[in-house]
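Below is structure09.cif, which holds mmCIF, C-alpha atoms.
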data_data
#
loop_
_atom_site.label_atom_id
_atom_site.label_comp_id
_atom_site.auth_asym_id
_atom_site.auth_seq_id
_atom_site.Cartn_x
_atom_site.Cartn_y
_atom_site.Cartn_z
CA MET A 790 -19.16 -2.35 27.57
CA THR A 791 -22.10 -3.63 25.55
CA ILE A 792 -21.36 -4.46 21.93
CA GLU A 793 -23.99 -6.33 19.93
CA HIS A 794 -23.43 -7.96 16.56
CA LEU A 795 -26.69 -7.54 14.71
CA LYS A 796 -25.08 -9.37 11.77
CA ARG A 797 -21.84 -11.34 11.60
CA GLY A 798 -19.69 -12.36 8.67
CA LYS A 799 -17.92 -15.64 7.93
CA PRO A 800 -16.09 -17.01 11.01
CA GLU A 801 -12.37 -16.28 11.29
CA ALA A 802 -11.56 -19.99 11.12
CA ASP A 803 -13.25 -20.27 7.73
CA ARG A 804 -11.42 -17.17 6.49
CA ALA A 805 -8.11 -18.65 7.66
CA GLU A 806 -8.85 -21.87 5.77
CA ASP A 807 -9.50 -19.87 2.61
CA ASP A 808 -6.21 -18.03 3.13
CA ALA A 809 -4.30 -21.30 3.51
CA LYS A 810 -5.69 -22.66 0.24
CA THR A 811 -4.76 -19.43 -1.53
CA ALA A 812 -1.23 -19.56 -0.11
CA ALA A 813 -0.64 -23.08 -1.42
CA VAL A 814 -1.77 -22.16 -4.94
CA VAL A 815 0.40 -19.05 -4.95
CA ALA A 816 3.52 -20.86 -3.73
CA ALA A 817 3.25 -23.50 -6.45
CA THR A 818 2.63 -20.90 -9.14
CA LEU A 819 5.57 -18.70 -8.14
CA LYS A 820 7.87 -21.73 -8.12
CA ASP A 821 6.70 -22.59 -11.64
CA ILE A 822 7.43 -19.03 -12.83
CA GLU A 823 10.89 -19.15 -11.26
CA THR A 824 11.61 -22.51 -12.89
CA ARG A 825 10.16 -22.01 -16.36
CA GLY A 826 10.05 -18.23 -16.82
CA ASP A 827 8.25 -16.95 -19.90
CA ALA A 828 6.76 -20.37 -20.72
CA ALA A 829 5.02 -20.55 -17.35
CA VAL A 830 3.80 -16.96 -17.60
CA HIS A 831 2.38 -17.65 -21.07
CA GLU A 832 0.56 -20.80 -19.93
CA LEU A 833 -0.92 -19.01 -16.91
CA ALA A 834 -2.09 -16.08 -19.05
CA VAL A 835 -3.84 -18.45 -21.44
CA LYS A 836 -5.34 -20.50 -18.61
CA PHE A 837 -6.62 -17.73 -16.36
CA ASP A 838 -7.11 -14.77 -18.72
CA ASN A 839 -7.77 -16.68 -21.94
CA TYR A 840 -5.28 -14.33 -23.54
CA ASP A 841 -2.68 -15.63 -25.99
CA ARG A 842 -0.03 -13.57 -27.76
CA PRO A 843 3.71 -14.04 -28.50
CA THR A 844 4.75 -11.30 -26.10
CA TYR A 845 2.64 -9.66 -23.43
CA ARG A 846 4.47 -6.35 -23.58
CA LEU A 847 2.68 -3.70 -25.62
CA SER A 848 4.67 -1.87 -28.27
CA GLU A 849 4.53 1.91 -28.60
CA ALA A 850 2.44 1.48 -31.76
CA GLU A 851 -0.02 -0.80 -29.95
CA ILE A 852 -0.31 1.64 -27.07
CA ALA A 853 -1.12 4.47 -29.47
CA THR A 854 -3.74 2.36 -31.27
CA ILE A 855 -5.36 1.30 -28.00
CA MET A 856 -5.41 4.84 -26.60
CA ALA A 857 -7.11 6.10 -29.77
CA LYS A 858 -10.20 4.13 -28.65
CA VAL A 859 -10.63 6.38 -25.61
CA SER A 860 -13.12 9.17 -26.23
CA ASP A 861 -12.17 12.81 -25.71
CA ARG A 862 -14.51 13.06 -22.72
CA GLU A 863 -13.06 9.93 -21.10
CA MET A 864 -9.52 11.12 -21.75
CA ALA A 865 -10.28 14.47 -20.14
CA ASP A 866 -11.69 12.72 -17.08
CA ILE A 867 -8.65 10.46 -16.81
CA LYS A 868 -6.31 13.45 -17.06
CA PHE A 869 -8.31 15.38 -14.42
CA ALA A 870 -8.15 12.51 -11.93
CA GLN A 871 -4.47 11.91 -12.61
CA GLU A 872 -3.73 15.59 -12.08
CA GLN A 873 -5.34 15.48 -8.62
CA VAL A 874 -3.28 12.45 -7.62
CA VAL A 875 -0.07 13.96 -8.99
CA ASN A 876 -0.69 17.29 -7.25
CA PHE A 877 -1.14 15.65 -3.85
CA ALA A 878 1.79 13.29 -4.40
CA GLN A 879 3.99 16.26 -5.33
CA ALA A 880 2.94 18.09 -2.16
CA GLN A 881 3.88 15.00 -0.16
CA ARG A 882 7.22 14.74 -1.98
CA ASP A 883 7.95 18.39 -1.27
CA SER A 884 7.48 17.70 2.45
CA MET A 885 10.29 15.13 2.43
CA LEU A 886 13.55 16.99 2.74
CA ASP A 887 17.13 15.85 2.46
CA ILE A 888 18.95 17.01 5.58
CA GLU A 889 22.54 17.71 6.58
CA ILE A 890 23.49 19.03 10.00
CA GLU A 891 26.70 19.56 11.95
CA THR A 892 25.85 17.84 15.23
CA MET A 893 29.12 19.01 16.83
CA PRO A 894 32.18 20.73 15.42
CA GLY A 895 33.61 18.62 12.63
CA VAL A 896 30.83 15.96 12.67
CA ILE A 897 28.37 16.13 9.80
CA LEU A 898 25.34 13.82 9.54
CA GLY A 899 22.69 13.73 6.86
CA HIS A 900 20.22 11.73 4.87
CA LYS A 901 19.13 11.62 1.25
CA ASN A 902 15.79 10.47 -0.14
CA ILE A 903 16.67 8.29 -3.13
CA PRO A 904 14.05 6.80 -5.50
CA VAL A 905 13.74 3.04 -5.77
CA GLN A 906 15.40 2.21 -9.09
CA SER A 907 12.64 0.01 -10.54
CA VAL A 908 9.05 -0.64 -9.59
CA GLY A 909 6.36 -3.04 -10.75
CA CYS A 910 2.87 -1.55 -10.64
CA TYR A 911 -0.06 -3.97 -10.64
CA VAL A 912 -3.35 -2.54 -11.86
CA PRO A 913 -6.35 -4.86 -11.30
CA GLY A 914 -8.80 -5.24 -14.13
CA GLY A 915 -10.26 -8.72 -14.45
CA LYS A 916 -13.71 -7.93 -13.06
CA PHE A 917 -13.57 -4.13 -13.26
CA PRO A 918 -10.94 -2.11 -15.18
CA MET A 919 -9.27 -0.17 -12.35
CA VAL A 920 -8.27 2.94 -14.24
CA ALA A 921 -7.60 4.86 -11.04
CA SER A 922 -5.08 2.32 -9.80
CA ALA A 923 -2.74 3.38 -12.58
CA HIS A 924 -2.69 6.94 -11.20
CA MET A 925 -2.08 5.69 -7.68
CA SER A 926 0.94 3.58 -8.54
CA VAL A 927 2.42 4.64 -11.89
CA ALA A 928 1.91 8.40 -11.65
CA THR A 929 2.98 8.50 -8.00
CA ALA A 930 6.15 6.55 -8.83
CA LYS A 931 6.90 9.09 -11.54
CA VAL A 932 6.54 11.95 -9.06
CA ALA A 933 9.03 10.13 -6.82
CA GLY A 934 11.51 9.97 -9.70
CA VAL A 935 11.62 6.17 -10.21
CA PRO A 936 13.70 5.64 -13.39
CA ARG A 937 12.06 2.35 -14.47
CA ILE A 938 8.31 1.89 -14.04
CA VAL A 939 6.78 -1.41 -15.17
CA ALA A 940 2.99 -1.74 -15.29
CA CYS A 941 0.86 -4.87 -15.58
CA THR A 942 -2.89 -5.22 -16.00
CA PRO A 943 -5.02 -8.19 -17.11
CA PRO A 944 -7.08 -8.10 -20.28
CA PHE A 945 -10.68 -6.96 -19.92
CA ASN A 946 -13.22 -8.83 -22.02
CA GLY A 947 -10.40 -10.40 -23.98
CA GLU A 948 -8.31 -7.34 -24.82
CA PRO A 949 -6.34 -4.53 -23.19
CA ASN A 950 -8.66 -1.99 -21.63
CA PRO A 951 -8.08 1.32 -23.46
CA ALA A 952 -8.73 3.56 -20.45
CA VAL A 953 -6.36 1.60 -18.21
CA ILE A 954 -3.62 1.56 -20.84
CA ALA A 955 -4.08 5.30 -21.37
CA ALA A 956 -3.79 5.98 -17.65
CA MET A 957 -0.65 3.84 -17.41
CA HIS A 958 0.97 5.56 -20.39
CA LEU A 959 0.02 9.07 -19.31
CA GLY A 960 1.19 8.27 -15.79
CA GLY A 961 4.69 7.53 -17.03
CA ALA A 962 5.01 3.73 -17.37
CA HIS A 963 8.12 2.72 -19.29
CA GLU A 964 6.94 -0.87 -19.93
CA ILE A 965 3.31 -2.01 -20.15
CA TYR A 966 2.33 -5.69 -20.05
CA VAL A 967 -1.14 -7.18 -20.47
CA LEU A 968 -0.79 -9.70 -17.67
CA GLY A 969 -2.91 -10.36 -14.61
CA GLY A 970 -2.85 -12.19 -11.32
CA ILE A 971 0.01 -14.22 -9.87
CA GLN A 972 1.73 -14.42 -13.25
CA ALA A 973 1.99 -10.61 -13.42
CA VAL A 974 3.45 -9.96 -9.98
CA GLY A 975 5.57 -13.11 -10.18
CA ALA A 976 7.08 -12.11 -13.52
CA MET A 977 7.83 -8.58 -12.32
CA ALA A 978 9.42 -9.69 -9.05
CA ILE A 979 11.25 -12.86 -10.14
CA GLY A 980 11.98 -11.89 -13.71
CA THR A 981 11.88 -14.03 -16.85
CA GLU A 982 13.90 -14.29 -20.04
CA THR A 983 12.18 -11.17 -21.39
CA ILE A 984 11.21 -9.24 -18.23
CA ASP A 985 13.91 -7.83 -15.97
CA PRO A 986 12.99 -8.10 -12.28
CA VAL A 987 12.04 -4.99 -10.32
CA HIS A 988 13.07 -3.84 -6.86
CA LEU A 989 9.59 -2.98 -5.53
CA LEU A 990 6.03 -4.26 -6.13
CA VAL A 991 3.04 -1.98 -5.56
CA GLY A 992 -0.69 -1.96 -6.21
CA PRO A 993 -3.86 -3.62 -4.97
CA GLY A 994 -5.30 -6.90 -6.16
CA ASN A 995 -7.40 -9.91 -5.28
CA ALA A 996 -6.51 -12.45 -2.60
CA PHE A 997 -4.07 -14.26 -4.95
CA VAL A 998 -2.22 -11.07 -5.87
CA ALA A 999 -1.99 -9.99 -2.22
CA GLU A 1000 -0.67 -13.40 -1.18
CA ALA A 1001 1.84 -13.43 -4.04
CA LYS A 1002 3.18 -10.08 -2.85
CA ARG A 1003 3.40 -11.43 0.71
CA GLN A 1004 5.41 -14.44 -0.42
CA LEU A 1005 7.68 -12.33 -2.63
CA PHE A 1006 8.43 -9.82 0.13
CA GLY A 1007 12.12 -10.00 0.93
CA ARG A 1008 13.09 -10.89 -2.60
CA VAL A 1009 11.59 -7.52 -3.49
CA GLY A 1010 10.04 -4.75 -1.47
CA ILE A 1011 6.27 -4.31 -1.41
CA ASP A 1012 4.13 -1.32 -0.62
CA LEU A 1013 1.79 -3.09 1.80
CA PHE A 1014 -0.69 -5.93 1.98
CA ALA A 1015 -3.48 -4.57 -0.19
CA GLY A 1016 -5.92 -7.40 -0.73
CA PRO A 1017 -9.69 -7.47 -1.20
CA THR A 1018 -11.40 -4.17 -0.40
CA GLU A 1019 -12.64 -3.54 3.13
CA THR A 1020 -14.99 -0.77 4.18
CA MET A 1021 -16.41 0.43 7.46
CA VAL A 1022 -19.12 2.98 8.12
CA ILE A 1023 -19.10 4.66 11.53
CA ALA A 1024 -22.43 6.40 11.88
CA ASP A 1025 -24.88 7.80 14.38
CA ASP A 1026 -28.42 9.10 13.94
CA THR A 1027 -27.24 12.25 12.13
CA VAL A 1028 -27.40 10.22 8.89
CA ASP A 1029 -29.96 7.86 7.42
CA ALA A 1030 -29.99 4.22 6.42
CA GLU A 1031 -29.91 4.91 2.68
CA MET A 1032 -26.54 6.62 2.98
CA CYS A 1033 -25.10 3.89 5.19
CA ALA A 1034 -26.36 1.06 2.98
CA THR A 1035 -25.15 2.79 -0.19
CA ASP A 1036 -21.66 3.27 1.24
CA LEU A 1037 -21.46 -0.33 2.43
CA LEU A 1038 -22.64 -1.91 -0.83
CA GLY A 1039 -20.65 0.54 -2.92
CA GLN A 1040 -17.50 -1.22 -1.75
CA ALA A 1041 -18.95 -4.74 -1.36
CA GLU A 1042 -19.34 -4.89 -5.15
CA HIS A 1043 -15.53 -5.09 -5.52
CA GLY A 1044 -15.47 -8.86 -5.02
CA TYR A 1045 -16.97 -11.86 -3.29
CA ASN A 1046 -14.84 -11.43 -0.17
CA SER A 1047 -14.94 -7.70 0.55
CA PRO A 1048 -15.79 -7.04 4.22
CA ALA A 1049 -18.29 -4.24 4.84
CA VAL A 1050 -19.02 -3.25 8.44
CA LEU A 1051 -21.41 -0.77 10.02
CA VAL A 1052 -20.50 0.43 13.51
CA THR A 1053 -23.20 2.54 15.13
CA ASN A 1054 -24.67 3.58 18.46
CA SER A 1055 -28.18 3.69 16.99
CA ARG A 1056 -30.05 0.40 16.96
CA LYS A 1057 -32.72 1.98 14.77
CA LEU A 1058 -30.14 3.00 12.18
CA ALA A 1059 -28.67 -0.51 12.29
CA GLU A 1060 -32.04 -2.18 11.68
CA ASP A 1061 -33.04 0.35 9.01
CA THR A 1062 -29.71 -0.19 7.23
CA LEU A 1063 -30.32 -3.95 7.09
CA SER A 1064 -33.67 -3.30 5.43
CA GLU A 1065 -32.19 -0.71 3.08
CA ILE A 1066 -29.44 -3.12 2.00
CA ASP A 1067 -32.11 -5.68 1.07
CA ARG A 1068 -33.90 -3.03 -0.99
CA ILE A 1069 -30.80 -1.85 -2.83
CA LEU A 1070 -29.62 -5.37 -3.58
CA LYS A 1071 -32.83 -5.89 -5.58
CA ILE A 1072 -31.93 -3.04 -7.96
CA LEU A 1073 -28.11 -2.88 -7.90
CA PRO A 1074 -26.69 -4.12 -11.22
CA THR A 1075 -23.64 -5.55 -9.43
CA ALA A 1076 -25.75 -7.30 -6.79
CA GLY A 1077 -24.47 -10.68 -7.99
CA THR A 1078 -21.15 -9.83 -6.38
CA ALA A 1079 -22.20 -7.42 -3.65
CA LYS A 1080 -24.86 -9.79 -2.23
CA VAL A 1081 -22.39 -12.65 -1.79
CA SER A 1082 -19.85 -10.33 -0.22
CA TRP A 1083 -22.43 -8.85 2.15
CA GLU A 1084 -23.84 -12.23 3.17
CA ASP A 1085 -20.40 -13.75 3.86
CA TYR A 1086 -18.43 -10.74 5.09
CA GLY A 1087 -20.94 -8.06 6.07
CA GLU A 1088 -21.31 -7.05 9.71
CA ILE A 1089 -23.44 -4.67 11.73
CA ILE A 1090 -22.21 -3.82 15.21
CA VAL A 1091 -24.26 -1.81 17.69
CA CYS A 1092 -22.41 -0.03 20.50
CA ASP A 1093 -23.52 1.95 23.52
CA SER A 1094 -21.19 4.90 23.14
CA TYR A 1095 -18.80 6.72 20.86
CA ASP A 1096 -15.87 5.40 22.90
CA GLU A 1097 -17.03 1.86 22.21
CA MET A 1098 -17.40 2.66 18.52
CA LEU A 1099 -13.82 3.95 18.51
CA THR A 1100 -12.53 0.81 20.24
CA VAL A 1101 -14.31 -1.49 17.80
CA ALA A 1102 -13.15 0.51 14.79
CA ASP A 1103 -9.50 0.51 15.86
CA ASP A 1104 -9.64 -3.23 16.55
CA ILE A 1105 -11.02 -4.01 13.08
CA ALA A 1106 -8.58 -1.56 11.42
CA SER A 1107 -10.56 -1.40 8.20
CA GLU A 1108 -9.08 -0.21 4.91
CA HIS A 1109 -11.70 2.50 4.27
CA VAL A 1110 -13.48 4.16 7.19
CA GLN A 1111 -16.43 6.41 6.38
CA VAL A 1112 -17.24 8.55 9.44
CA MET A 1113 -20.66 10.22 9.55
CA THR A 1114 -21.40 11.43 13.06
CA ASP A 1115 -21.90 14.58 15.07
CA ARG A 1116 -18.17 14.45 15.97
CA ASP A 1117 -16.22 13.47 12.87
CA ASP A 1118 -13.12 15.43 13.87
CA TRP A 1119 -13.11 13.61 17.23
CA PHE A 1120 -12.67 10.33 15.35
CA LEU A 1121 -9.95 11.93 13.21
CA GLU A 1122 -8.13 12.97 16.39
CA HIS A 1123 -8.48 9.65 18.22
CA MET A 1124 -8.49 6.85 15.62
CA THR A 1125 -5.12 5.14 15.24
CA CYS A 1126 -5.66 2.02 13.09
CA TYR A 1127 -7.15 2.33 9.60
CA GLY A 1128 -6.26 2.76 5.95
CA ALA A 1129 -7.88 6.09 5.16
CA LEU A 1130 -10.62 8.20 6.73
CA PHE A 1131 -13.51 9.77 4.85
CA LEU A 1132 -15.03 12.40 7.09
CA GLY A 1133 -18.61 13.59 6.87
CA PRO A 1134 -21.58 12.68 4.68
CA ARG A 1135 -20.38 14.89 1.80
CA THR A 1136 -17.27 12.73 1.54
CA ASN A 1137 -17.30 9.18 0.25
CA VAL A 1138 -14.94 6.31 -0.45
CA ALA A 1139 -15.66 6.28 -4.18
CA ASN A 1140 -14.25 9.81 -4.55
CA GLY A 1141 -11.14 8.67 -2.72
CA ASP A 1142 -10.93 5.60 -4.94
CA LYS A 1143 -11.18 7.48 -8.20
CA VAL A 1144 -10.52 11.19 -8.24
CA ILE A 1145 -10.07 13.29 -5.12
CA GLY A 1146 -6.27 12.94 -5.02
CA THR A 1147 -5.34 10.79 -2.04
CA ASN A 1148 -3.96 7.33 -2.82
CA HIS A 1149 -6.44 4.45 -2.86
CA THR A 1150 -3.92 1.64 -2.35
CA LEU A 1151 -4.48 1.04 1.35
CA PRO A 1152 -3.71 -1.57 4.03
CA THR A 1153 -6.13 -4.48 4.55
CA LYS A 1154 -6.37 -7.41 6.98
CA LYS A 1155 -5.47 -5.23 9.98
CA ALA A 1156 -2.24 -4.00 8.38
CA GLY A 1157 -3.44 -0.50 9.21
CA ARG A 1158 -2.14 -1.19 12.73
CA TYR A 1159 1.44 -0.81 11.49
CA THR A 1160 1.41 0.92 8.11
CA GLY A 1161 -0.38 3.59 6.18
CA GLY A 1162 -1.28 3.41 2.50
CA LEU A 1163 0.74 3.81 -0.65
CA TRP A 1164 2.18 7.32 -1.09
CA VAL A 1165 5.10 8.96 -2.80
CA GLY A 1166 7.33 8.15 0.17
CA LYS A 1167 6.95 4.41 -0.46
CA PHE A 1168 8.96 4.87 -3.66
CA LEU A 1169 11.78 6.62 -1.81
CA LYS A 1170 14.52 5.16 0.36
CA THR A 1171 15.95 7.38 3.09
CA HIS A 1172 19.70 6.73 3.30
CA SER A 1173 21.94 8.27 5.94
CA TYR A 1174 25.54 9.38 5.61
CA GLN A 1175 28.19 10.76 7.92
CA LYS A 1176 31.38 12.75 7.53
CA VAL A 1177 34.10 13.77 10.02
CA THR A 1178 36.00 16.84 8.83
CA SER A 1179 38.51 17.69 11.56
CA ASP A 1180 41.31 15.90 13.43
CA GLU A 1181 39.79 17.01 16.73
CA ALA A 1182 36.41 15.47 15.92
CA ALA A 1183 37.99 12.24 14.62
CA THR A 1184 39.95 11.92 17.85
CA MET A 1185 37.10 12.72 20.22
CA ILE A 1186 34.48 10.51 18.51
CA GLY A 1187 37.11 7.80 18.06
CA GLU A 1188 37.88 7.74 21.79
CA TYR A 1189 34.23 7.25 22.69
CA GLY A 1190 33.79 4.69 19.94
CA SER A 1191 36.87 2.74 21.02
CA ARG A 1192 35.71 2.38 24.60
CA LEU A 1193 32.13 1.51 23.63
CA CYS A 1194 33.34 -1.16 21.20
CA MET A 1195 35.49 -2.73 23.93
CA LEU A 1196 32.48 -2.60 26.27
CA GLU A 1197 30.74 -4.98 23.85
CA GLY A 1198 33.82 -7.08 23.20
CA PHE A 1199 34.35 -5.95 19.59
CA VAL A 1200 38.13 -5.57 19.48
CA GLY A 1201 38.28 -5.23 15.70
CA HIS A 1202 35.66 -2.50 15.83
CA ALA A 1203 37.65 -0.75 18.55
CA GLU A 1204 40.78 -0.83 16.44
CA GLN A 1205 38.98 1.03 13.64
CA CYS A 1206 38.45 3.82 16.14
CA ASN A 1207 41.91 3.50 17.71
CA LEU A 1208 43.63 3.92 14.35
CA ARG A 1209 41.98 7.33 13.96
CA VAL A 1210 42.82 8.28 17.53
CA ARG A 1211 46.50 7.44 16.96
CA ARG A 1212 46.67 9.01 13.49
CA TYR A 1213 44.67 12.20 13.99
CA GLY A 1214 45.07 12.76 17.73
CA GLY A 1215 48.57 11.52 18.40
CA VAL A 1216 47.32 9.38 21.28
CA ASN A 1217 49.09 6.05 21.73
CA VAL A 1218 46.37 3.43 22.24
CA PRO A 1219 47.78 -0.11 22.63
CA TYR A 1220 46.32 -2.66 20.23
CA GLY A 1221 43.38 -4.51 21.75
CA GLU A 1222 42.64 -1.86 24.38
CA GLY A 1223 40.15 0.94 24.58
CA ALA A 1224 41.19 4.57 24.30
CA PRO A 1225 42.05 6.18 27.65
CA TYR A 1226 39.82 8.82 29.20
CA ARG A 1227 41.20 12.26 28.59
CA ASP A 1228 41.49 13.12 32.27
CA ALA A 1229 43.30 9.81 32.89
CA ALA A 1230 45.69 10.53 30.01
CA GLU A 1231 46.36 13.98 31.34
#
Give the structure from the file, written as structure tokens.
Amino acid sequence: MTIEHLKRGKPEADRAEDDAKTAAVVAATLKDIETRGDAAVHELAVKFDNYDRPTYRLSEAEIATIMAKVSDREMADIKFAQEQVVNFAQAQRDSMLDIEIETMPGVILGHKNIPVQSVGCYVPGGKFPMVASAHMSVATAKVAGVPRIVACTPPFNGEPNPAVIAAMHLGGAHEIYVLGGIQAVGAMAIGTETIDPVHLLVGPGNAFVAEAKRQLFGRVGIDLFAGPTETMVIADDTVDAEMCATDLLGQAEHGYNSPAVLVTNSRKLAEDTLSEIDRILKILPTAGTAKVSWEDYGEIIVCDSYDEMLTVADDIASEHVQVMTDRDDWFLEHMTCYGALFLGPRTNVANGDKVIGTNHTLPTKKAGRYTGGLWVGKFLKTHSYQKVTSDEAATMIGEYGSRLCMLEGFVGHAEQCNLRVRRYGGVNVPYGEGAPYRDAAE
């Protein structure tokens, strides 16, 4: 196997050091929020967002005033995108059925899909107002039937972003707060004097938001580790360098630490893409961010074969994977570790991010090895139940249960079963013993 790195990003050791520094800041901040509640949240909002108000929750009147600033055209676009997300989420929800089956006479087993009772949706917006993130979290939670949906987003240029607030409100948020960063997710998960804690945190964010969710996991549920954007382009010579470079830089502009990786079996395409990236960075208005991200986290990997490309891609497990080859469906069939796939040159990550209907909150930092992205099912809990409806079933299951409990040494467990065997089957099982086999009893 010959795999050549034409360009490498920042070494893993340096990335780990950055992560450790972030973790320390987050831990101290969350402890402060837990100790001082609203006062800590207020100080953090003033310090990091330069945003000062008595309460960070928007009133219904404020929401109406803010939404009035959104033009008719913008509102129509927001509603169109939200409709696509809701339609797909509803189709997913419809695929999740409650079940109840009689596994043997008198034994009924089932499960119910129950919505999480409260969710905190974080919508990024410090650098770019992430209107689409409101659809992905708030509107999807509504489809799932969550009865309390809390939404937080930072101010944008010193005030609530009208489009984001509109998307949150239209999506079904019951409480909207203009809060960003650690203070937002901390307040939602831990709770303060004025904010009741939630059961589940969802939504993407920067490295500090992702780390805060990681540290809060257990106290509350989280959707997944959705940190800084990652993108990968898998391409062969069926596409050109302009398309590859555009798709890489289109995601690198998210932040200063957004990995962008090209995996190809064409050395010419790899070299041409490097040149094309240099060209685009000279004219891209967001090059100030994208250039830093590309220099520190960009990679170009040249492989000998499609099998090698597949191996590399699965190992990296990137959040977004844009596949543009002569065998896109082959990658769909064989790839196992990623956030979401975007198949063919007509498809692109930006459409997935904003409008096409699939959810854009996706696993990062190799989390795609063990989880998929946010979807309606993340807001549902599948709970089982069981019911025994006949004396015969209670006796038969109880006899098996009694003996298996004794096999493990659980006498108290066994007696739960024995009581049913004695009461519903008329079989005399001495205390502290397992039920006899039927043939032995006979």
Written as a list in words, which residues does the PyMOL selection byres ((chain A and resi 1193-1209) around 8) give for the file shown?
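Written out, the selection comes to Ala1183, Thr1184, Gly1187, Glu1188, Tyr1189, Gly1190, Ser1191, Arg1192, Val1210, Arg1211, Arg1212, Tyr1213, Gly1214, Val1218, Tyr1220, Gly1221, Glu1222, Gly1223 and Ala1224 of chain A.
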To one decimal place in Å, what is the distance between CA of Arg1135 in chain A and CA of Ala1034 in chain A?
15.1 Å
Produce a table with one row for each residue of range 957-1046 of chain A that has an atom at most 12 Å from any atom of range 1157-1175 of chain A, each row naming the nearest atom pair and its distance in Å at one decimal; use only C-alpha atoms; arrange rows by chain and rising residue number; format as a tab-separated table.
residue	atom	partner	partner_atom	distance
A:His988	CA	A:Phe1168	CA	10.1
A:Leu989	CA	A:Phe1168	CA	8.1
A:Leu990	CA	A:Phe1168	CA	9.9
A:Val991	CA	A:Leu1163	CA	7.9
A:Gly992	CA	A:Leu1163	CA	8.1
A:Pro993	CA	A:Leu1163	CA	9.7
A:Gly1010	CA	A:Lys1167	CA	9.7
A:Ile1011	CA	A:Lys1167	CA	8.8
A:Asp1012	CA	A:Leu1163	CA	6.1
A:Leu1013	CA	A:Gly1162	CA	7.2
A:Phe1014	CA	A:Gly1162	CA	9.4
A:Ala1015	CA	A:Gly1162	CA	8.7
A:Glu1019	CA	A:Gly1157	CA	11.4
If you keep C-alpha atoms, can you produce a file of those selected residues as a PDB file, in the frame of the given file?
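Output (selection.pdb):
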ATOM      1  CA  HIS A 988      13.070  -3.840  -6.860  1.00  0.00           C
ATOM      2  CA  LEU A 989       9.590  -2.980  -5.530  1.00  0.00           C
ATOM      3  CA  LEU A 990       6.030  -4.260  -6.130  1.00  0.00           C
ATOM      4  CA  VAL A 991       3.040  -1.980  -5.560  1.00  0.00           C
ATOM      5  CA  GLY A 992      -0.690  -1.960  -6.210  1.00  0.00           C
ATOM      6  CA  PRO A 993      -3.860  -3.620  -4.970  1.00  0.00           C
ATOM      7  CA  GLY A1010      10.040  -4.750  -1.470  1.00  0.00           C
ATOM      8  CA  ILE A1011       6.270  -4.310  -1.410  1.00  0.00           C
ATOM      9  CA  ASP A1012       4.130  -1.320  -0.620  1.00  0.00           C
ATOM     10  CA  LEU A1013       1.790  -3.090   1.800  1.00  0.00           C
ATOM     11  CA  PHE A1014      -0.690  -5.930   1.980  1.00  0.00           C
ATOM     12  CA  ALA A1015      -3.480  -4.570  -0.190  1.00  0.00           C
ATOM     13  CA  GLU A1019     -12.640  -3.540   3.130  1.00  0.00           C
TER      14      GLU A1019
END
For range 811-899 of chain A versus range 959-967 of chain A, which residues have an atom no more than 7 Å away, and what is each residue's nearest atom pair and distance in Å rounded to one decimal, using all atoms listed in the file, chain-then-number order, as a Markdown table?
| residue | atom | partner | partner_atom | distance |
| --- | --- | --- | --- | --- |
| A:Tyr845 | CA | A:Tyr966 | CA | 5.2 |
| A:Arg846 | CA | A:Tyr966 | CA | 4.2 |
| A:Leu847 | CA | A:Ile965 | CA | 5.8 |
Close residues, Pro936 in chain A itself excluded, 9 Å, only C-alpha atoms, min 6 positions apart in chain, as an mmCIF file with C-alpha atoms, keeping the file's coordinate frame:
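Done, and the output landed in result_16.cif:
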data_model
loop_
_atom_site.group_PDB
_atom_site.id
_atom_site.type_symbol
_atom_site.label_atom_id
_atom_site.label_comp_id
_atom_site.auth_asym_id
_atom_site.auth_seq_id
_atom_site.Cartn_x
_atom_site.Cartn_y
_atom_site.Cartn_z
ATOM 1 C CA PRO A 904 14.050 6.800 -5.500
ATOM 2 C CA VAL A 905 13.740 3.040 -5.770
ATOM 3 C CA GLN A 906 15.400 2.210 -9.090
ATOM 4 C CA SER A 907 12.640 0.010 -10.540
ATOM 5 C CA VAL A 908 9.050 -0.640 -9.590
ATOM 6 C CA ALA A 930 6.150 6.550 -8.830
ATOM 7 C CA HIS A 963 8.120 2.720 -19.290
#
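Between Glu1181 in chain A and the candidates A:Gly1215, A:Gly915, A:Gly1016, A:Gly1044, the tightest atom-to-atom separation, counting all atoms listed in the file, involves A:Gly1215.
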Show me the residues close to (1.9, -18.7, -3.3) - anything with an atom within 7 Å, counting all atoms listed in the file - and format the list as number ranges by chain.
A: 811-819, 1000-1001, 1004
Interatomic distance between CA of Ala940 in chain A and CA of Ile855 in chain A?
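Spanning CA of Ala940 in chain A to CA of Ile855 in chain A is a straight-line distance of 15.5 Å.
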Give me the residues within 9 Å of Pro986 in chain A as a PDB file with C-alpha atoms, in the frame of the given file, counting only C-alpha atoms and dropping any in the same chain fewer than 6 places off.
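Result file is selection-v6.pdb:
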ATOM      1  CA  SER A 907      12.640   0.010 -10.540  1.00  0.00           C
ATOM      2  CA  VAL A 908       9.050  -0.640  -9.590  1.00  0.00           C
ATOM      3  CA  GLY A 909       6.360  -3.040 -10.750  1.00  0.00           C
ATOM      4  CA  ALA A 976       7.080 -12.110 -13.520  1.00  0.00           C
ATOM      5  CA  MET A 977       7.830  -8.580 -12.320  1.00  0.00           C
ATOM      6  CA  ALA A 978       9.420  -9.690  -9.050  1.00  0.00           C
ATOM      7  CA  ILE A 979      11.250 -12.860 -10.140  1.00  0.00           C
ATOM      8  CA  GLY A 980      11.980 -11.890 -13.710  1.00  0.00           C
ATOM      9  CA  VAL A1009      11.590  -7.520  -3.490  1.00  0.00           C
TER      10      VAL A1009
END
